[in-house]
Amino acid sequence: MPIYEETYRSWHGQLVAVPRTWWVIAKTGVRLLWKKWMIILLMAAFGSLIGHGIYIYFVTRGLEQTGVGQIMSEFRINPGFFEGFIQRHWLMLIIVLLLAGAGIIANDRKFKALTIYFSKPVSFWDYTLGKFCVLGFYGCLVTLVPALLLFLFRVLLATDASYLKQYYWIPFSITGYSLLIILTLGSVLLAISASARGTRSAAILFFGLLYFPDLLRQILSRIPEVGLIALNADLQQVSSLLFELERPFRFSVVWAFVALLLVVILSFFLLRAKVKPTEVVR
Amino acid sequence: MKIDVLNLSKWYGQVIGVNNLNFIIEPGVTGFLGPNGAGKTTLLRLLTGQLKPSKGQVAIDGEIVWNNHEILRKVGYCPEMDAFWSYLTGWEFVCSTMRMHGFTNAEAEERSQKAIGTMDMAEAQHKRIGGYSKGMRQRIKMAQAIAHDPDILFLDEPLNGMDPLGRHTTMQLIKQLGQDGKTVVVSSHVLHEVEQMTDTILLINHGRLLAEGNIYEIRRLIDTHPLQVTIRCDNVNVLTAKLLEFDDVMSVQFDRERNQLTVETNRPDDFHLRLPKIALDNGIQIHSLWSPDENLEAVFDYLVR
């Protein structure tokens with residue numbers, strides 16, 4: 001049984017200003033979400049990575065060397081393969097983000113914890129960046145990290161440097177695309193979490209916001225510009241530019257990028273309005 | 001450290017939370033008193049920079065508080081609400097708030113350990129806050145407020161839900177902090193508790209400042225309500241007769257069995273000056289003298305109700 005000093009003693013040290021308060025928020029958030037279900041999801045993401053790795057092994061060592069892969073383009077480990085890999089992780093990313101992010105601000109509002117945060121030397125920027133980093137961390141573990149590992153694996157399997165010379169830019173595209181997805185979905189999710197009444201409603205809203213516009217895009221497929229309202233369509237359009245692929249939709253890549261930028265800006269304004277230490281009760 | 005409040009107002013749309021307040025809080029313990037909905041919590045949130053004033057300003061040692069995160073390093077705040085972060089343990093909660101204050105991991109852990117010990121929560125520190133009783137949650141909130149040794153402490157209803165021992169310990173701690181030169185602001189509607197911690201109060205109702213200063217001084221200023229003075233002496237009859245000769249004595253009630261009389265006077269200072277002379281001239285021995293309505297509750301009653 002430990003014995004603790006129970007009397008109050010003044011502290012005579014000098015408090016050092018730490019400009020990285022967001023780091024404390026991010027670290028605590030990541031640690032709190034490191035639970036069994038999250039580990040299972042991340043293991044599933046790495047399971048998919050192993051599956052794709054095996055595929056790469058067979059294609060590289062088998063088909064490409066025998067020349068079949070040169071003839072049948074679908075068997076090539078080209079930029080489209082890595083873009084497709086991230087696309088295939090889309091649903092897993094949504095689930096991870098929902099589990100990690102739906103309650104990330106909603107719970108703080110529910111428990112009225114914002115008043116604790118903002119009675120400390122924590123600014124709106126620290127708080128928002130800290131929370132965003134939590135989503136970023138888990139988002140990257142599902143998209144960026146496995147995709148980069150996969151590329152590394154492909155490079156290691158190559159017999160010479162020709163593959164790396166030809167596709168040296170793929171890691172940049174993977175990074176750019178993953179970060180763009182996380183920035184867009186993360187900021188939307190933070191804004192929804194800050195506005196919703198609770199975790200469940202935030203999750204439903206986020207899911208609806210992702211899939212309803214996409215459904216509308218499919219229904220009104222004759223009008224290509226409608227696709228701009230669907231986040232995943234915009235992201236795919238931008239990714240086609242990053243990975244030098246054929247455009248999947250008929251609207252401009254620039255407009256797709258502008259649409260994504262607008263979504264991020266709007267989310268930020270919503271966050272700014274909602275993340276306050278106290279709620280006004282009328 | 002000194003807190004200056006100048007023309008401070010806060011509106012929520014049509015509703016006035018705080019209305020044109022002007023006061024200065026000096027080091028020591030100051031009690032914010034007022035009934036529920038008086039504006040105490042709004043005022044505390046304005047003082048901690050969590051709410052933007054609609055008008056006026058709050059300054060701590062000359063520095064404006066609103067949007068000034070650096071000043072919050074010197075401030076400890078114990079909010080009223082207690083339903084927070086139920087999934088964290090008390091230790092994790094205090095430690096992470098210390099990290100937000102800028103302490104290194106080791107320092108944050110040491111400070112948290114001491115503060116948790118001071119609030120007598122050492123045994124329960126590794127349990128989740130969700131399993132804490134109300135009193136325990138109060139204590140852990142207090143621990144996070146004091147752990148970084150702030151110069152200014154804002155405590156919103158800090159004794160709510162605490163057991164008598166916890167109340168006593170916390171009140172002693174608050175008094176000690178005041179004596180150490182810290183500026184401690186305690187908001188409460190439990191009058192006798194505030195009275196035990198400090199004589200200096202700010203009385204708030206409907207967002208307005210009704211009175212500020214020493215409880216006894218405030219009481220004397222309320223001349224519309226006569227002051228009651230109870231005297232226990234060896235000759236109740238003679239003293240009653242002598243006191244009734246003066247204009248300021250409005251009534252005298254006496255209790256022969258206890259040799260006690262209660263006088264109502266509208267000029268307390270004159271009365272207190274005159275009483276020793278009457279006692280000496282008439283050979284009356286006064287055993288005790290006190291004022292039953294010179295306490296905070298009476299002052300509160302007169303001003304608020």
# chains A, B, ... in the order shown; residues from 1 in each chain; ligands from 1
call {"tool": "residues_around", "arguments": {"residues": "region 278-283 of chain B", "least_positions_apart": "5", "cutoff": "9 Å", "atoms": "only C-alpha atoms", "output": "PyMOL selection string"}}
result
chain B and resi 235+238-239+242-243
call {"tool": "select_by_dssp", "arguments": {"residues": "region 90-263 of chain B", "states": "alpha helix (DSSP H)", "output": "PyMOL selection string"}}
result
chain B and resi 90-100+105-118+134-146+164-179+191-197+215-221+236-243
call {"tool": "residues_around", "arguments": {"residues": "Val29 (chain B)", "least_positions_apart": "2", "cutoff": "12 Å", "atoms": "only C-alpha atoms", "output": "VMD selection string"}}
result
chain B and resid 1 to 2 25 to 27 31 to 32 151 to 155 171 to 187 194 to 202 213 to 214
call {"tool": "interface_residues", "arguments": {"of": "chain B", "to": "chain A", "cutoff": "6 Å", "atoms": "only C-alpha atoms", "output": "list in words"}}
result
Gln50, His69, Glu70, Leu72, Arg73, Ala83, Phe84, Met100, Gly102, Gly117, Thr118 and Asp149 of chain B
call {"tool": "atom_distance", "arguments": {"atom1": "CA of Thr230 (chain B)", "atom2": "CA of Arg256 (chain B)"}}
result
13.0 Å
call {"tool": "atom_distance", "arguments": {"atom1": "CA of Gln236 (chain A)", "atom2": "CA of Gly130 (chain A)"}}
result
27.5 Å
call {"tool": "atom_distance", "arguments": {"atom1": "CA of Phe46 (chain A)", "atom2": "CA of Leu180 (chain A)"}}
result
21.1 Å
call {"tool": "closest_residue", "arguments": {"among": "B:Thr240, B:Ser251, B:Thr104, B:Gln228", "to": "Pro268 (chain B)", "atoms": "only C-alpha atoms"}}
result
B:Gln228
call {"tool": "residues_around", "arguments": {"residues": "Gly29 (chain A)", "least_positions_apart": "4", "cutoff": "8 Å", "atoms": "only C-alpha atoms", "output": "ChimeraX atom specification"}}
result
/A:25,33,131,134
call {"tool": "write_last_selection", "arguments": {"atoms": "N, CA and C atoms", "output": "compact mmCIF listing (two decimals), in the first residue's frame"}}
result
# COMPACT_ATOMS: atom_id res chain seq x y z
N ILE A 25 -3.66 15.91 -27.25
CA ILE A 25 -5.04 15.52 -27.58
C ILE A 25 -5.02 14.35 -28.56
N LEU A 33 -8.67 4.88 -28.53
CA LEU A 33 -9.37 4.12 -29.57
C LEU A 33 -8.67 2.80 -29.90
N LYS A 131 -7.80 16.35 -32.80
CA LYS A 131 -8.86 15.40 -33.15
C LYS A 131 -8.66 14.87 -34.57
N VAL A 134 -6.13 12.13 -34.88
CA VAL A 134 -6.61 10.80 -34.46
C VAL A 134 -7.20 10.08 -35.69
call {"tool": "residues_around", "arguments": {"residues": "region 188-191 of chain B", "least_positions_apart": "2", "cutoff": "10 Å", "atoms": "only C-alpha atoms", "output": "list of chain:residue names"}}
result
B:Gly31, B:Phe32, B:Leu33, B:Gly34, B:Pro35, B:Asn36, B:Ala38, B:Lys40, B:Thr41, B:Glu80, B:Leu155, B:Asp156, B:Glu157, B:Pro158, B:Leu159, B:Asn160, B:Val185, B:Val186, B:Glu193, B:Val194, B:Glu195, B:Gln196, B:Asn295, B:Leu296, B:Glu297, B:Ala298, B:Phe300
call {"tool": "closest_residue", "arguments": {"among": "A:Leu228, A:Phe243, A:Val59, A:Leu270", "to": "Phe257 (chain A)", "atoms": "only C-alpha atoms"}}
result
A:Leu228
call {"tool": "closest_residue", "arguments": {"among": "B:Asp120, B:Leu43, B:Asn259, B:His148", "to": "Glu107 (chain B)", "atoms": "only C-alpha atoms"}}
result
B:His148
call {"tool": "residues_around", "arguments": {"residues": "region 84-100 of chain A", "least_positions_apart": "6", "cutoff": "10 Å", "atoms": "only C-alpha atoms", "output": "VMD selection string"}}
result
chain A and resid 29 to 30 32 to 34 37 to 38 41 to 42 44 to 45 48 to 49 52 134 to 136 138 to 144 146 to 147 150 174 177 to 178 181 to 182 185 to 186 189 193 199 to 200 202 to 204 206 to 207 210 232 235 to 236 239
call {"tool": "write_last_selection", "arguments": {"atoms": "N, CA and C atoms", "output": "compact mmCIF listing (two decimals), in the first residue's frame"}}
result
# COMPACT_ATOMS: atom_id res chain seq x y z
N GLY A 29 -6.29 10.55 -27.80
CA GLY A 29 -7.36 10.04 -28.66
C GLY A 29 -6.99 8.71 -29.30
N VAL A 30 -5.77 8.63 -29.82
CA VAL A 30 -5.31 7.40 -30.48
C VAL A 30 -5.26 6.26 -29.46
N LEU A 32 -6.94 5.94 -26.69
CA LEU A 32 -8.27 5.54 -26.22
C LEU A 32 -9.01 4.68 -27.25
N LEU A 33 -8.67 4.88 -28.53
CA LEU A 33 -9.37 4.12 -29.57
C LEU A 33 -8.67 2.80 -29.90
N TRP A 34 -7.51 2.60 -29.31
CA TRP A 34 -6.73 1.38 -29.57
C TRP A 34 -7.38 0.23 -28.80
N TRP A 37 -11.74 -4.02 -31.23
CA TRP A 37 -12.41 -3.94 -32.53
C TRP A 37 -11.57 -3.17 -33.55
N MET A 38 -10.85 -2.18 -33.05
CA MET A 38 -10.01 -1.39 -33.96
C MET A 38 -8.84 -2.25 -34.44
N LEU A 41 -10.03 -4.60 -37.09
CA LEU A 41 -10.20 -3.92 -38.38
C LEU A 41 -8.86 -3.67 -39.06
N LEU A 42 -7.90 -3.24 -38.26
CA LEU A 42 -6.58 -2.97 -38.83
C LEU A 42 -5.91 -4.26 -39.30
N ALA A 44 -7.56 -6.76 -40.47
CA ALA A 44 -8.25 -7.07 -41.73
C ALA A 44 -7.60 -6.29 -42.87
N ALA A 45 -7.27 -5.01 -42.60
CA ALA A 45 -6.61 -4.19 -43.63
C ALA A 45 -5.26 -4.79 -44.00
N SER A 48 -5.68 -7.91 -46.09
CA SER A 48 -5.86 -7.55 -47.50
C SER A 48 -4.51 -7.22 -48.14
N LEU A 49 -3.66 -6.58 -47.37
CA LEU A 49 -2.32 -6.25 -47.86
C LEU A 49 -1.54 -7.53 -48.19
N HIS A 52 -2.91 -9.02 -51.41
CA HIS A 52 -2.41 -8.29 -52.57
C HIS A 52 -0.92 -8.58 -52.78
N VAL A 134 -6.13 12.13 -34.88
CA VAL A 134 -6.61 10.80 -34.46
C VAL A 134 -7.20 10.08 -35.69
N LEU A 135 -8.04 10.82 -36.43
CA LEU A 135 -8.63 10.23 -37.64
C LEU A 135 -7.56 9.95 -38.68
N GLY A 136 -6.63 10.89 -38.78
CA GLY A 136 -5.54 10.74 -39.75
C GLY A 136 -4.71 9.50 -39.47
N TYR A 138 -5.54 6.65 -37.88
CA TYR A 138 -6.22 5.39 -38.22
C TYR A 138 -6.52 5.30 -39.71
N GLY A 139 -6.82 6.45 -40.32
CA GLY A 139 -7.07 6.48 -41.76
C GLY A 139 -5.83 6.04 -42.53
N CYS A 140 -4.67 6.53 -42.11
CA CYS A 140 -3.41 6.19 -42.79
C CYS A 140 -3.08 4.70 -42.64
N LEU A 141 -3.45 4.13 -41.50
CA LEU A 141 -3.16 2.71 -41.28
C LEU A 141 -3.97 1.81 -42.22
N VAL A 142 -5.05 2.35 -42.78
CA VAL A 142 -5.89 1.55 -43.68
C VAL A 142 -5.56 1.85 -45.15
N THR A 143 -5.04 3.03 -45.43
CA THR A 143 -4.81 3.40 -46.83
C THR A 143 -3.32 3.60 -47.13
N LEU A 144 -2.77 4.67 -46.60
CA LEU A 144 -1.41 5.07 -46.95
C LEU A 144 -0.36 4.00 -46.64
N PRO A 146 -0.50 0.60 -45.88
CA PRO A 146 -0.46 -0.64 -46.66
C PRO A 146 -0.13 -0.41 -48.13
N ALA A 147 -0.62 0.69 -48.70
CA ALA A 147 -0.34 0.94 -50.13
C ALA A 147 1.16 1.18 -50.35
N LEU A 150 2.98 -2.08 -50.05
CA LEU A 150 2.76 -2.88 -51.25
C LEU A 150 3.69 -2.45 -52.38
N ILE A 174 0.37 7.86 -54.14
CA ILE A 174 -0.31 7.13 -53.05
C ILE A 174 -0.48 8.07 -51.85
N TYR A 177 -3.02 10.94 -52.68
CA TYR A 177 -4.41 10.45 -52.75
C TYR A 177 -4.92 10.07 -51.35
N SER A 178 -4.09 9.35 -50.60
CA SER A 178 -4.52 8.94 -49.25
C SER A 178 -4.78 10.16 -48.37
N ILE A 181 -8.00 11.90 -49.36
CA ILE A 181 -9.19 11.18 -48.86
C ILE A 181 -9.37 11.48 -47.37
N ILE A 182 -8.27 11.38 -46.62
CA ILE A 182 -8.37 11.55 -45.17
C ILE A 182 -8.72 12.99 -44.82
N LEU A 185 -12.62 13.36 -45.94
CA LEU A 185 -13.55 12.60 -45.11
C LEU A 185 -13.38 12.97 -43.62
N GLY A 186 -12.14 13.21 -43.22
CA GLY A 186 -11.87 13.56 -41.83
C GLY A 186 -12.52 14.87 -41.44
N LEU A 189 -16.28 14.44 -41.32
CA LEU A 189 -16.68 13.66 -40.14
C LEU A 189 -16.55 14.50 -38.85
N SER A 193 -19.61 15.29 -36.50
CA SER A 193 -19.54 14.89 -35.09
C SER A 193 -19.77 16.08 -34.16
N THR A 199 -23.30 10.06 -31.08
CA THR A 199 -22.46 9.24 -31.95
C THR A 199 -23.26 8.58 -33.06
N ARG A 200 -24.43 8.03 -32.69
CA ARG A 200 -25.21 7.28 -33.66
C ARG A 200 -25.71 8.19 -34.78
N ALA A 202 -24.45 10.96 -35.70
CA ALA A 202 -23.29 11.41 -36.50
C ALA A 202 -22.93 10.35 -37.52
N ALA A 203 -22.96 9.08 -37.09
CA ALA A 203 -22.61 7.99 -38.00
C ALA A 203 -23.61 7.91 -39.15
N ILE A 204 -24.89 8.03 -38.83
CA ILE A 204 -25.93 7.95 -39.87
C ILE A 204 -25.78 9.11 -40.86
N PHE A 206 -23.11 10.85 -41.58
CA PHE A 206 -21.89 10.70 -42.38
C PHE A 206 -22.12 9.68 -43.50
N PHE A 207 -22.73 8.59 -43.12
CA PHE A 207 -23.00 7.53 -44.09
C PHE A 207 -23.93 8.06 -45.18
N LEU A 210 -22.30 10.42 -47.62
CA LEU A 210 -21.40 9.76 -48.57
C LEU A 210 -22.17 9.04 -49.66
N ASN A 232 -17.08 10.60 -53.28
CA ASN A 232 -16.22 9.51 -53.78
C ASN A 232 -15.96 9.66 -55.28
N LEU A 235 -13.28 12.28 -55.57
CA LEU A 235 -11.99 11.72 -55.15
C LEU A 235 -11.42 10.81 -56.24
N GLN A 236 -12.28 10.01 -56.83
CA GLN A 236 -11.82 9.11 -57.90
C GLN A 236 -11.33 9.90 -59.10
N SER A 239 -8.02 11.26 -58.24
CA SER A 239 -7.03 10.17 -58.17
C SER A 239 -6.58 9.75 -59.57
call {"tool": "select_by_dssp", "arguments": {"residues": "region 58-301 of chain B", "states": "strand (DSSP E)", "output": "NGL selection string"}}
result
:B and (58-60 or 63-64 or 75-78 or 152-156 or 183-188 or 200-205 or 208-214 or 227-233 or 249-255 or 260-265 or 286-290)
call {"tool": "residues_around", "arguments": {"residues": "Arg111 (chain B)", "least_positions_apart": "2", "cutoff": "9 Å", "atoms": "only C-alpha atoms", "output": "MDAnalysis selection string"}}
result
(chainID A and resid 11) or (chainID B and resid 94:95 98 103 106:109 113:116 147:149)
call {"tool": "write_last_selection", "arguments": {"atoms": "N, CA and C atoms", "output": "PDB file, in the first residue's frame"}}
result
ATOM      1  N   TRP A  11       4.233  24.772  -6.092  1.00  0.00           N
ATOM      2  CA  TRP A  11       5.244  24.365  -7.053  1.00  0.00           C
ATOM      3  C   TRP A  11       6.007  25.607  -7.480  1.00  0.00           C
TER       4      TRP A  11
ATOM      5  N   VAL B  94      -6.465  13.410 -14.934  1.00  0.00           N
ATOM      6  CA  VAL B  94      -5.639  14.476 -14.352  1.00  0.00           C
ATOM      7  C   VAL B  94      -4.321  14.594 -15.125  1.00  0.00           C
ATOM      8  N   CYS B  95      -3.756  13.449 -15.449  1.00  0.00           N
ATOM      9  CA  CYS B  95      -2.458  13.458 -16.129  1.00  0.00           C
ATOM     10  C   CYS B  95      -2.558  14.100 -17.516  1.00  0.00           C
ATOM     11  N   MET B  98      -2.811  17.767 -17.286  1.00  0.00           N
ATOM     12  CA  MET B  98      -1.513  18.367 -16.946  1.00  0.00           C
ATOM     13  C   MET B  98      -0.612  18.473 -18.176  1.00  0.00           C
ATOM     14  N   PHE B 103       3.311  20.457 -19.051  1.00  0.00           N
ATOM     15  CA  PHE B 103       4.292  19.694 -18.276  1.00  0.00           C
ATOM     16  C   PHE B 103       4.806  18.520 -19.097  1.00  0.00           C
ATOM     17  N   ALA B 106       6.887  13.113 -17.200  1.00  0.00           N
ATOM     18  CA  ALA B 106       7.301  12.780 -15.829  1.00  0.00           C
ATOM     19  C   ALA B 106       6.746  13.806 -14.835  1.00  0.00           C
ATOM     20  N   GLU B 107       6.826  15.062 -15.236  1.00  0.00           N
ATOM     21  CA  GLU B 107       6.361  16.130 -14.353  1.00  0.00           C
ATOM     22  C   GLU B 107       4.838  16.066 -14.186  1.00  0.00           C
ATOM     23  N   ALA B 108       4.159  15.807 -15.309  1.00  0.00           N
ATOM     24  CA  ALA B 108       2.696  15.709 -15.275  1.00  0.00           C
ATOM     25  C   ALA B 108       2.277  14.577 -14.340  1.00  0.00           C
ATOM     26  N   GLU B 109       3.008  13.463 -14.406  1.00  0.00           N
ATOM     27  CA  GLU B 109       2.677  12.319 -13.558  1.00  0.00           C
ATOM     28  C   GLU B 109       2.908  12.649 -12.088  1.00  0.00           C
ATOM     29  N   GLN B 113      -0.034  12.878  -9.331  1.00  0.00           N
ATOM     30  CA  GLN B 113       0.016  12.017  -8.149  1.00  0.00           C
ATOM     31  C   GLN B 113      -0.192  12.825  -6.863  1.00  0.00           C
ATOM     32  N   LYS B 114       0.474  13.970  -6.800  1.00  0.00           N
ATOM     33  CA  LYS B 114       0.369  14.807  -5.604  1.00  0.00           C
ATOM     34  C   LYS B 114      -1.036  15.379  -5.449  1.00  0.00           C
ATOM     35  N   ALA B 115      -1.576  15.878  -6.548  1.00  0.00           N
ATOM     36  CA  ALA B 115      -2.909  16.491  -6.482  1.00  0.00           C
ATOM     37  C   ALA B 115      -3.960  15.450  -6.121  1.00  0.00           C
ATOM     38  N   ILE B 116      -3.832  14.261  -6.699  1.00  0.00           N
ATOM     39  CA  ILE B 116      -4.775  13.179  -6.411  1.00  0.00           C
ATOM     40  C   ILE B 116      -4.655  12.791  -4.938  1.00  0.00           C
ATOM     41  N   ALA B 147      -3.611  20.761  -9.684  1.00  0.00           N
ATOM     42  CA  ALA B 147      -2.367  20.013  -9.920  1.00  0.00           C
ATOM     43  C   ALA B 147      -1.244  20.857 -10.513  1.00  0.00           C
ATOM     44  N   HIS B 148      -1.567  21.844 -11.319  1.00  0.00           N
ATOM     45  CA  HIS B 148      -0.497  22.646 -11.938  1.00  0.00           C
ATOM     46  C   HIS B 148      -0.163  23.875 -11.099  1.00  0.00           C
ATOM     47  N   ASP B 149      -0.655  23.895  -9.868  1.00  0.00           N
ATOM     48  CA  ASP B 149      -0.369  24.966  -8.917  1.00  0.00           C
ATOM     49  C   ASP B 149      -0.674  26.344  -9.520  1.00  0.00           C
TER      50      ASP B 149
END
